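Enquirer: What follows is work38.txt; its format and atoms are compact mmCIF, C-alpha atoms.
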# COMPACT_ATOMS: atom_id res chain seq x y z
CA MET A 295 57.07 185.24 53.97
CA THR A 296 53.78 184.32 52.36
CA ASP A 297 52.42 186.16 49.31
CA GLU A 298 49.91 187.84 51.59
CA GLU A 299 52.69 189.11 53.86
CA LEU A 300 54.75 190.32 50.89
CA LEU A 301 51.74 192.30 49.70
CA ARG A 302 50.75 193.48 53.14
CA TYR A 303 54.20 194.90 53.95
CA SER A 304 55.08 195.85 50.36
CA ARG A 305 55.26 199.59 51.03
CA GLN A 306 58.05 199.17 53.56
CA ILE A 307 59.71 196.25 51.78
CA MET A 308 60.22 198.59 48.82
CA LEU A 309 62.43 200.79 50.99
CA PRO A 310 65.99 199.73 50.14
CA GLU A 311 67.00 199.99 53.82
CA VAL A 312 64.33 197.46 54.77
CA ASP A 313 63.91 195.14 51.80
CA ILE A 314 62.69 191.56 52.31
CA GLU A 315 65.55 190.80 54.65
CA GLY A 316 64.66 193.66 57.01
CA GLN A 317 60.98 192.81 56.91
CA GLU A 318 61.75 189.21 57.78
CA LYS A 319 63.68 190.41 60.82
CA ILE A 320 60.74 192.62 61.81
CA CYS A 321 58.34 189.71 61.37
CA ALA A 322 60.56 187.55 63.58
CA GLY A 323 60.88 190.35 66.15
CA ARG A 324 59.64 190.11 69.74
CA VAL A 325 58.94 193.33 71.63
CA GLY A 326 57.88 193.94 75.22
CA ILE A 327 55.73 197.05 75.64
CA ILE A 328 55.59 198.19 79.25
CA GLY A 329 52.63 200.51 79.73
CA LEU A 330 49.68 200.61 77.40
CA GLY A 331 48.75 204.25 77.95
CA GLY A 332 49.48 207.31 75.86
CA LEU A 333 52.86 206.15 74.57
CA GLY A 334 52.26 202.40 74.48
CA ALA A 335 48.99 202.68 72.57
CA PRO A 336 50.32 204.24 69.34
CA ALA A 337 53.56 202.27 69.63
CA ALA A 338 51.69 198.95 69.82
CA ILE A 339 49.44 199.89 66.90
CA TYR A 340 52.36 200.82 64.63
CA LEU A 341 54.49 197.86 65.64
CA ALA A 342 51.65 195.43 64.95
CA SER A 343 50.69 197.04 61.66
CA SER A 344 54.37 197.05 60.58
CA GLY A 345 54.46 193.30 61.05
CA VAL A 346 56.32 192.76 64.32
CA GLY A 347 55.92 189.05 65.00
CA SER A 348 55.26 189.04 68.70
CA LEU A 349 54.27 191.65 71.28
CA VAL A 350 54.07 191.29 75.04
CA LEU A 351 51.75 193.96 76.47
CA VAL A 352 52.17 194.76 80.16
CA ASP A 353 49.84 197.07 82.14
CA ASP A 354 47.86 196.65 85.36
CA ASP A 355 45.30 199.40 84.67
CA GLU A 356 41.77 199.35 83.36
CA VAL A 357 40.51 201.70 80.65
CA GLU A 358 38.94 204.87 82.04
CA ILE A 359 37.01 207.55 80.20
CA SER A 360 39.85 210.07 80.76
CA ASN A 361 42.22 207.71 78.88
CA LEU A 362 40.31 207.81 75.59
CA GLN A 363 41.49 211.34 74.68
CA ARG A 364 44.98 210.01 73.90
CA GLN A 365 45.24 206.23 74.40
CA ILE A 366 44.00 205.49 70.92
CA ILE A 367 44.22 201.71 71.10
CA HIS A 368 41.24 201.71 73.48
CA THR A 369 37.63 202.48 72.55
CA GLU A 370 34.40 203.30 74.37
CA ASP A 371 33.57 199.59 74.23
CA SER A 372 36.63 198.77 76.32
CA LEU A 373 35.80 201.08 79.24
CA ASN A 374 36.37 199.36 82.60
CA THR A 375 38.15 196.40 81.02
CA SER A 376 41.86 195.72 81.31
CA LYS A 377 44.06 197.84 79.06
CA VAL A 378 46.05 194.86 77.86
CA ALA A 379 42.91 192.89 76.90
CA SER A 380 41.54 195.98 75.15
CA GLY A 381 44.87 196.47 73.34
CA LYS A 382 45.01 192.85 72.27
CA ALA A 383 41.48 193.04 70.85
CA THR A 384 42.32 196.14 68.79
CA ILE A 385 45.58 194.68 67.48
CA LYS A 386 43.93 191.41 66.52
CA LYS A 387 41.56 193.36 64.25
CA LEU A 388 44.49 195.31 62.81
CA ASN A 389 46.91 192.45 62.17
CA SER A 390 45.96 188.91 63.09
CA LEU A 391 49.47 187.75 62.16
CA THR A 392 50.98 189.43 65.22
CA HIS A 393 51.12 187.15 68.24
CA ILE A 394 50.09 188.93 71.44
CA ASP A 395 50.79 187.94 75.03
CA ILE A 396 49.28 190.02 77.81
CA VAL A 397 50.25 190.61 81.43
CA ASP A 398 47.63 192.49 83.43
CA ARG A 399 49.67 193.17 86.52
CA ARG A 400 52.73 195.12 87.57
CA LEU A 401 55.96 193.15 87.06
CA LYS A 402 58.48 192.66 89.83
CA GLU A 403 62.05 193.45 88.84
CA GLU A 404 63.04 189.77 88.46
CA GLU A 405 60.04 189.29 86.15
CA MET A 406 61.17 192.31 84.13
CA VAL A 407 64.59 190.65 83.71
CA ASP A 408 62.90 187.44 82.61
CA LEU A 409 60.72 189.30 80.09
CA ALA A 410 63.67 191.35 78.79
CA SER A 411 65.65 188.17 78.21
CA ARG A 412 62.80 186.69 76.14
CA VAL A 413 62.33 189.66 73.78
CA ASP A 414 64.55 191.56 71.34
CA VAL A 415 63.60 195.06 72.51
CA ILE A 416 61.82 196.60 75.51
CA LEU A 417 59.73 199.71 74.88
CA ASP A 418 59.37 201.81 78.02
CA ALA A 419 56.00 203.54 77.93
CA THR A 420 55.57 203.90 81.68
CA ASP A 421 54.85 207.09 83.56
CA ASN A 422 57.09 207.13 86.62
CA PHE A 423 60.77 207.13 87.54
CA GLU A 424 60.60 204.10 89.84
CA THR A 425 59.42 201.75 87.08
CA ARG A 426 61.75 203.36 84.55
CA TYR A 427 64.78 202.77 86.78
CA ALA A 428 63.71 199.15 87.39
CA LEU A 429 63.19 198.50 83.67
CA ASN A 430 66.56 200.05 82.93
CA ARG A 431 68.26 197.74 85.43
CA ALA A 432 66.39 194.74 83.98
CA CYS A 433 67.47 195.61 80.43
CA LEU A 434 71.09 196.04 81.58
CA ARG A 435 71.03 192.60 83.20
CA ALA A 436 69.37 190.93 80.21
CA LYS A 437 71.46 192.95 77.70
CA THR A 438 68.30 193.94 75.88
CA PRO A 439 67.99 197.32 74.16
CA LEU A 440 65.59 199.76 75.79
CA VAL A 441 63.62 202.31 73.77
CA SER A 442 62.67 204.99 76.25
CA GLY A 443 60.06 207.67 75.67
CA ALA A 444 58.33 210.20 77.90
CA ALA A 445 55.80 212.96 77.33
CA ILE A 446 53.89 215.46 79.41
CA ARG A 447 52.00 218.69 78.69
CA MET A 448 53.41 219.68 75.30
CA GLU A 449 56.90 218.30 75.64
CA GLY A 450 58.53 214.94 75.11
CA GLN A 451 61.78 213.07 75.07
CA ILE A 452 63.10 209.89 73.47
CA SER A 453 66.32 207.90 73.54
CA VAL A 454 67.63 204.37 73.02
CA PHE A 455 69.83 202.63 75.57
CA ASP A 456 71.56 199.56 74.14
CA SER A 457 73.48 197.62 76.77
CA ARG A 458 74.79 195.23 74.11
CA ARG A 459 77.21 198.06 73.33
CA SER A 460 79.82 198.84 75.99
CA ASP A 461 79.84 202.54 75.06
CA SER A 462 76.06 203.02 75.34
CA PRO A 463 74.75 205.14 78.21
CA CYS A 464 71.77 203.83 80.18
CA TYR A 465 68.65 205.59 81.47
CA GLN A 466 70.31 206.25 84.80
CA CYS A 467 73.24 207.98 83.09
CA LEU A 468 70.63 210.56 82.10
CA TYR A 469 68.61 210.64 85.31
CA ARG A 470 70.46 209.73 88.46
CA ASP A 471 68.47 207.95 91.16
CA GLY A 472 66.56 209.69 93.89
CA LEU A 473 63.86 211.63 92.16
CA ASP A 474 60.63 210.85 93.93
CA GLU A 475 58.22 213.34 92.46
CA ALA A 476 57.46 212.18 88.96
CA LEU A 477 55.24 214.30 86.77
CA ASN A 478 52.37 212.32 85.35
CA CYS A 479 49.65 213.15 82.90
CA ALA A 480 46.89 212.84 85.52
CA GLU A 481 48.31 215.75 87.48
CA ASN A 482 49.95 217.85 84.78
CA GLY A 483 47.88 217.26 81.67
CA VAL A 484 48.99 216.32 78.20
CA LEU A 485 47.85 217.34 74.74
CA ALA A 486 46.74 214.15 72.97
CA PRO A 487 49.09 214.16 69.94
CA MET A 488 52.11 214.72 72.19
CA VAL A 489 52.11 211.12 73.44
CA GLY A 490 51.22 210.04 69.89
CA ILE A 491 54.32 211.72 68.48
CA ILE A 492 56.70 210.26 71.05
CA GLY A 493 55.05 206.80 71.06
CA THR A 494 55.27 206.69 67.28
CA MET A 495 58.92 207.73 67.37
CA GLN A 496 59.52 204.88 69.83
CA ALA A 497 57.92 202.45 67.36
CA MET A 498 60.25 203.80 64.67
CA GLU A 499 63.31 203.18 66.85
CA VAL A 500 62.13 199.64 67.63
CA LEU A 501 61.76 198.86 63.91
CA LYS A 502 65.27 200.20 63.24
CA LEU A 503 66.68 197.96 65.98
CA LEU A 504 64.76 194.89 64.82
CA GLY A 505 65.43 195.44 61.12
CA GLU A 506 69.02 196.55 61.74
CA PHE A 507 68.87 199.63 59.55
CA GLY A 508 69.38 203.36 60.09
CA ASP A 509 71.00 204.89 63.16
CA PRO A 510 69.11 204.25 66.39
CA LEU A 511 69.21 207.02 68.99
CA ILE A 512 72.01 205.43 71.01
CA GLY A 513 74.05 208.05 72.88
CA LYS A 514 71.56 210.73 71.89
CA VAL A 515 68.47 212.19 73.51
CA ILE A 516 65.84 214.01 71.51
CA TYR A 517 63.85 216.76 73.24
CA PHE A 518 60.64 217.81 71.57
CA ASP A 519 58.87 221.04 72.49
CA ALA A 520 55.54 220.99 70.67
CA LYS A 521 54.58 224.49 71.73
CA SER A 522 57.37 225.97 69.64
CA MET A 523 57.81 222.85 67.45
CA GLN A 524 61.47 222.74 68.40
CA ILE A 525 63.21 219.39 68.14
CA ARG A 526 66.75 219.17 69.44
CA SER A 527 69.13 216.28 69.68
CA PHE A 528 71.67 216.18 72.50
CA LYS A 529 74.63 213.87 72.86
CA LEU A 530 74.62 211.70 76.00
CA ASN A 531 77.78 209.92 77.08
CA LYS A 532 77.97 206.89 79.30
CA ASP A 533 78.51 208.01 82.90
CA GLU A 534 81.40 205.97 84.28
CA ASN A 535 80.10 206.68 87.79
CA CYS A 536 76.53 205.62 86.92
CA LEU A 537 74.92 203.65 89.75
CA ALA A 538 73.25 201.29 87.28
CA CYS A 539 75.75 200.69 84.47
CA GLY A 540 79.04 202.24 85.62
CA SER A 541 80.38 199.08 87.22
CA ILE A 542 79.09 196.88 84.40
CA SER A 543 81.16 198.74 81.79
CA THR A 544 83.93 197.12 79.71
CA MET F 505 90.90 241.08 86.75
CA ALA F 506 88.90 238.14 85.42
CA ILE F 507 88.05 238.19 81.74
CA ASN F 508 84.37 237.79 80.97
CA VAL F 509 83.05 235.95 77.94
CA LYS F 510 79.56 235.72 76.48
CA VAL F 511 77.64 232.45 76.31
CA ASN F 512 74.13 231.73 75.10
CA VAL F 513 71.77 229.99 77.54
CA LEU F 514 68.60 228.20 76.41
CA PHE F 515 65.78 227.04 78.65
CA PHE F 516 63.86 224.11 77.24
CA ALA F 517 60.19 223.13 77.47
CA SER F 518 58.68 223.70 80.97
CA LEU F 519 61.80 225.54 82.17
CA LYS F 520 61.05 228.20 79.59
CA GLU F 521 57.62 228.67 81.21
CA ASP F 522 59.10 228.62 84.72
CA LEU F 523 61.65 231.31 83.93
CA GLY F 524 59.51 233.31 81.53
CA VAL F 525 62.35 233.47 79.02
CA SER F 526 63.55 231.04 76.37
CA GLU F 527 67.08 232.26 75.82
CA ILE F 528 69.51 234.77 77.28
CA GLU F 529 73.00 235.97 76.51
CA LEU F 530 75.07 235.74 79.69
CA ASP F 531 78.43 237.11 80.80
CA VAL F 532 80.49 234.49 82.60
CA SER F 533 84.14 234.42 83.57
CA ASP F 534 86.36 232.72 81.04
CA ARG F 535 86.73 229.01 81.90
CA ALA F 536 83.67 229.20 84.17
CA GLY F 537 82.41 225.85 85.49
CA ARG F 538 79.03 224.52 86.61
CA SER F 539 78.76 226.51 89.85
CA ASP F 540 80.10 229.70 88.20
CA LEU F 541 77.41 229.37 85.54
CA LEU F 542 74.65 229.01 88.14
CA ASP F 543 76.06 231.97 90.10
CA SER F 544 76.05 234.15 86.99
CA LEU F 545 72.48 233.09 86.21
CA THR F 546 71.40 233.91 89.76
CA SER F 547 72.97 237.37 89.48
CA GLU F 548 71.25 237.93 86.17
CA LEU F 549 67.78 236.49 86.90
CA GLY F 550 67.48 236.33 90.71
CA SER F 551 67.60 233.29 92.96
CA ASP F 552 63.82 232.60 92.93
CA CYS F 553 63.78 232.57 89.18
CA VAL F 554 66.77 230.27 88.93
CA SER F 555 65.61 227.70 91.52
CA PRO F 556 63.84 225.45 88.93
CA LEU F 557 67.21 225.04 87.22
CA MET F 558 68.69 223.60 90.42
CA ALA F 559 66.01 220.90 90.68
CA GLU F 560 67.08 217.29 90.75
CA ASN F 561 67.55 215.69 87.33
CA VAL F 562 67.55 218.94 85.35
CA SER F 563 70.22 218.28 82.72
CA ILE F 564 72.71 220.83 81.44
CA ALA F 565 73.96 220.49 77.88
CA VAL F 566 76.99 222.38 76.63
CA ASN F 567 77.15 222.68 72.86
CA ARG F 568 74.48 219.98 72.56
CA SER F 569 76.24 217.47 74.76
CA ILE F 570 74.66 216.60 78.12
CA GLU F 571 77.24 217.09 80.84
CA LYS F 572 76.67 215.31 84.15
CA GLY F 573 80.03 216.22 85.60
CA GLU F 574 82.12 219.39 85.57
CA PHE F 575 82.65 221.47 82.44
CA VAL F 576 84.60 224.53 81.36
CA LEU F 577 82.92 227.27 79.35
CA LYS F 578 84.43 229.42 76.66
CA SER F 579 83.19 232.32 74.58
CA GLY F 580 80.27 231.51 72.30
CA ASP F 581 79.24 228.26 74.02
CA GLU F 582 75.58 227.26 73.88
CA ILE F 583 74.21 225.98 77.16
CA ALA F 584 70.80 224.30 77.37
CA PHE F 585 68.82 223.48 80.50
CA LEU F 586 66.61 220.42 80.00
CA PRO F 587 63.83 219.45 82.41
CA PRO F 588 63.19 215.82 83.43
CA ILE F 589 60.25 214.27 81.61
CA THR F 590 58.64 211.05 82.85
CA GLY F 591 54.98 211.01 81.79
CA GLY F 592 53.57 208.44 79.47
Show the structure stored in the file as structure tokens.

Expert:
Amino acid sequence: MTDEELLRYSRQIMLPEVDIEGQEKICAGRVGIIGLGGLGAPAAIYLASSGVGSLVLVDDDEVEISNLQRQIIHTEDSLNTSKVASGKATIKKLNSLTHIDIVDRRLKEEEMVDLASRVDVILDATDNFETRYALNRACLRAKTPLVSGAAIRMEGQISVFDSRRSDSPCYQCLYRDGLDEALNCAENGVLAPMVGIIGTMQAMEVLKLLGEFGDPLIGKVIYFDAKSMQIRSFKLNKDENCLACGSIST
Amino acid sequence: MAINVKVNVLFFASLKEDLGVSEIELDVSDRAGRSDLLDSLTSELGSDCVSPLMAENVSIAVNRSIEKGEFVLKSGDEIAFLPPITGG
């Protein structure tokens, strides 16, 4: 690391769990962020500011006025432009050392596998079950850890699925296939900080995976109820009959 | 005659709003399983009220462990119903 980087990241390098070694791993880290909305926006900002070396931002949407309430990587100047271009512009101002690749279209499943095999972690910040199931399958095939977050109204959830470990459950161990009515923020509403809290927690889990410190949320699901400020952690076991990972086990 | 035991049932996030209650103490038969639990809840709260708990992808956790298969309840168990969350 250069002197500038040592100074820039000094406040996290001084954490004994991180140290220079952990920061170097973070700086060498490559992360795919799928969805640059409410969850992806804060996650991308924190990952870039923390020094993650390379981010791939994937989203096929453009910035709309109703996004600005919570998708804090976008500004009024980026209205009607692509979310990934807007995100890249913000991150470049924040940390020019982070390399950014952008994909302004929806990935097919084979492309998700290809992306997952080229990064160290995938951060799922999408808003529907169909894409979440596809990303989960892609991460299983590429053996890439998946940091999954979701938020709606005043509630959220986060977990980490790490297919490098044979005992790790996957997303489909939690939600079996077949659910066609996903709840999204456009129809159900969301209080702005809710996606900020979960997206930021996702960034934290990514840093732990990249830096190899702490205990990532593997085999655990956190439920967050902001209305009562209740946070509960639940154990999640691998489902041996899981349609996605059951047959891949051992 | 079947012995009844008491368990504590929590409804999380939107399910709390749907049912209008966050937590209830419930009598269930000793060694009750998944369907016995839902039957006892229906008797206690009514079938309309309980229908959100039957929705696809609602998870049930027993003593803070999400159980996708069958389970057996005993006195003092804590059961949590967790709604699916997908937004982002």

Enquirer: Using only C-alpha atoms, determine which residues of chain A fall within 7 Å of chain F; present them as a ChimeraX atom specification.

Expert: /A:331-333,419-423,444-446,449-451,469-470,473,476-479,489,519,528-530

Enquirer: Quick one, how far is CA of Ile516 (chain A) from CA of Leu503 (chain A)?

Expert: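 Pair CA of Ile516 (chain A) / CA of Leu503 (chain A) returns 17.0 Å.
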
Enquirer: Report as a compact mmCIF listing (two decimals) with C-alpha atoms, in the frame of the given file all protein, DNA and RNA residues lying within 10 Å of Ser539 (chain F), evaluated on all atoms listed in the file, omitting residues in the same chain fewer than 5 positions from it.

Expert:
# COMPACT_ATOMS: atom_id res chain seq x y z
CA SER F 544 76.05 234.15 86.99
CA LEU F 545 72.48 233.09 86.21
CA GLU F 574 82.12 219.39 85.57
CA PHE F 575 82.65 221.47 82.44

Enquirer: May I ask which of the residues F:Cys553, F:Val509, F:Asp534, F:Glu548 is the closest one to Glu521 (chain F), counting only C-alpha atoms?

Expert: F:Cys553

Enquirer: Calculated over all atoms listed in the file, which of the candidates F:Leu542, F:Leu577, F:Ile583, F:Ile564 has the smallest distance to Ile528 (chain F)?

Expert: F:Ile583

Enquirer: List the neighbours of Glu506 (chain A) out to 9 Å using all atoms listed in the file; skip same-chain residues closer than 5 positions along the sequence, and give me the result as number ranges by chain.

Expert: A: 311-312, 316, 319, 501

Enquirer: Extract, using only C-alpha atoms, all DNA, RNA and protein residues at most 9 Å from Cys536 (chain A), discarding same-chain residues fewer than 2 positions from it, and format them as an MDAnalysis selection string.

Expert: chainID A and resid 463:464 466:467 470 532:534 538:541

Enquirer: Figure out the distance between CA of Ile396 (chain A) and CA of Leu349 (chain A), please, to one decimal in Å.

Expert: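 Separation between CA of Leu349 (chain A) and CA of Ile396 (chain A): 8.4 Å.
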
Enquirer: Pick the closest to Glu499 (chain A) from A:Glu299, A:Asp408, A:Asp313, A:Asp418: which is it, counting only C-alpha atoms?

Expert: A:Asp418

Enquirer: Here is a test: counting only C-alpha atoms, which residue of F:Ser555, F:Glu582, F:Asp543, F:Ser533 is nearest to Asn508 (chain F)?

Expert: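 Checking each of F:Ser555, F:Glu582, F:Asp543, F:Ser533 against Asn508 (chain F), counting only C-alpha atoms, the winner is F:Ser533.
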
Enquirer: Could region 555-582 of chain F be completed with N, CA and C atoms and written as a short mmCIF file (atom, residue, chain, number, x, y, z; two decimals), keeping the file's coordinate frame, please?

Expert:
data_model
loop_
_atom_site.label_atom_id
_atom_site.label_comp_id
_atom_site.auth_asym_id
_atom_site.auth_seq_id
_atom_site.Cartn_x
_atom_site.Cartn_y
_atom_site.Cartn_z
N SER F 555 65.76 228.93 90.73
CA SER F 555 65.61 227.70 91.52
C SER F 555 65.12 226.49 90.71
N PRO F 556 64.21 226.64 89.71
CA PRO F 556 63.84 225.45 88.93
C PRO F 556 65.01 224.80 88.21
N LEU F 557 66.05 225.59 87.94
CA LEU F 557 67.21 225.04 87.22
C LEU F 557 68.07 224.15 88.13
N MET F 558 67.90 224.37 89.44
CA MET F 558 68.69 223.60 90.42
C MET F 558 68.00 222.28 90.77
N ALA F 559 66.77 222.09 90.30
CA ALA F 559 66.01 220.90 90.68
C ALA F 559 66.74 219.64 90.27
N GLU F 560 66.44 218.57 91.01
CA GLU F 560 67.08 217.29 90.75
C GLU F 560 66.75 216.83 89.32
N ASN F 561 67.73 216.28 88.66
CA ASN F 561 67.55 215.69 87.33
C ASN F 561 67.29 216.69 86.21
N VAL F 562 67.49 217.99 86.47
CA VAL F 562 67.55 218.94 85.35
C VAL F 562 68.93 218.73 84.71
N SER F 563 68.94 218.52 83.40
CA SER F 563 70.22 218.28 82.72
C SER F 563 70.75 219.58 82.12
N ILE F 564 72.07 219.69 82.11
CA ILE F 564 72.71 220.83 81.44
C ILE F 564 73.48 220.29 80.24
N ALA F 565 73.21 220.87 79.08
CA ALA F 565 73.96 220.49 77.88
C ALA F 565 74.83 221.66 77.45
N VAL F 566 76.08 221.36 77.15
CA VAL F 566 76.99 222.38 76.63
C VAL F 566 77.30 222.01 75.19
N ASN F 567 76.97 222.94 74.29
CA ASN F 567 77.15 222.68 72.86
C ASN F 567 76.53 221.34 72.45
N ARG F 568 75.31 221.15 72.91
CA ARG F 568 74.48 219.98 72.56
C ARG F 568 75.02 218.66 73.07
N SER F 569 75.78 218.71 74.13
CA SER F 569 76.24 217.47 74.76
C SER F 569 75.89 217.56 76.25
N ILE F 570 75.10 216.58 76.72
CA ILE F 570 74.66 216.60 78.12
C ILE F 570 75.85 216.31 79.02
N GLU F 571 76.08 217.21 79.97
CA GLU F 571 77.24 217.09 80.84
C GLU F 571 76.77 216.81 82.26
N LYS F 572 77.09 215.64 82.78
CA LYS F 572 76.67 215.31 84.15
C LYS F 572 77.74 215.71 85.16
N GLY F 573 78.95 215.84 84.70
CA GLY F 573 80.03 216.22 85.60
C GLY F 573 80.40 217.69 85.43
N GLU F 574 81.64 218.01 85.67
CA GLU F 574 82.12 219.39 85.57
C GLU F 574 82.36 219.74 84.10
N PHE F 575 82.33 221.01 83.81
CA PHE F 575 82.65 221.47 82.44
C PHE F 575 83.31 222.83 82.53
N VAL F 576 83.91 223.24 81.42
CA VAL F 576 84.60 224.53 81.36
C VAL F 576 84.06 225.30 80.16
N LEU F 577 83.57 226.50 80.43
CA LEU F 577 82.92 227.27 79.35
C LEU F 577 83.91 228.21 78.68
N LYS F 578 83.62 228.44 77.40
CA LYS F 578 84.43 229.42 76.66
C LYS F 578 83.47 230.31 75.86
N SER F 579 84.01 231.34 75.31
CA SER F 579 83.19 232.32 74.58
C SER F 579 82.37 231.64 73.47
N GLY F 580 81.11 232.00 73.39
CA GLY F 580 80.27 231.51 72.30
C GLY F 580 79.61 230.16 72.57
N ASP F 581 79.86 229.56 73.72
CA ASP F 581 79.24 228.26 74.02
C ASP F 581 77.72 228.40 74.11
N GLU F 582 77.04 227.32 73.71
CA GLU F 582 75.58 227.26 73.88
C GLU F 582 75.28 226.30 75.02
#
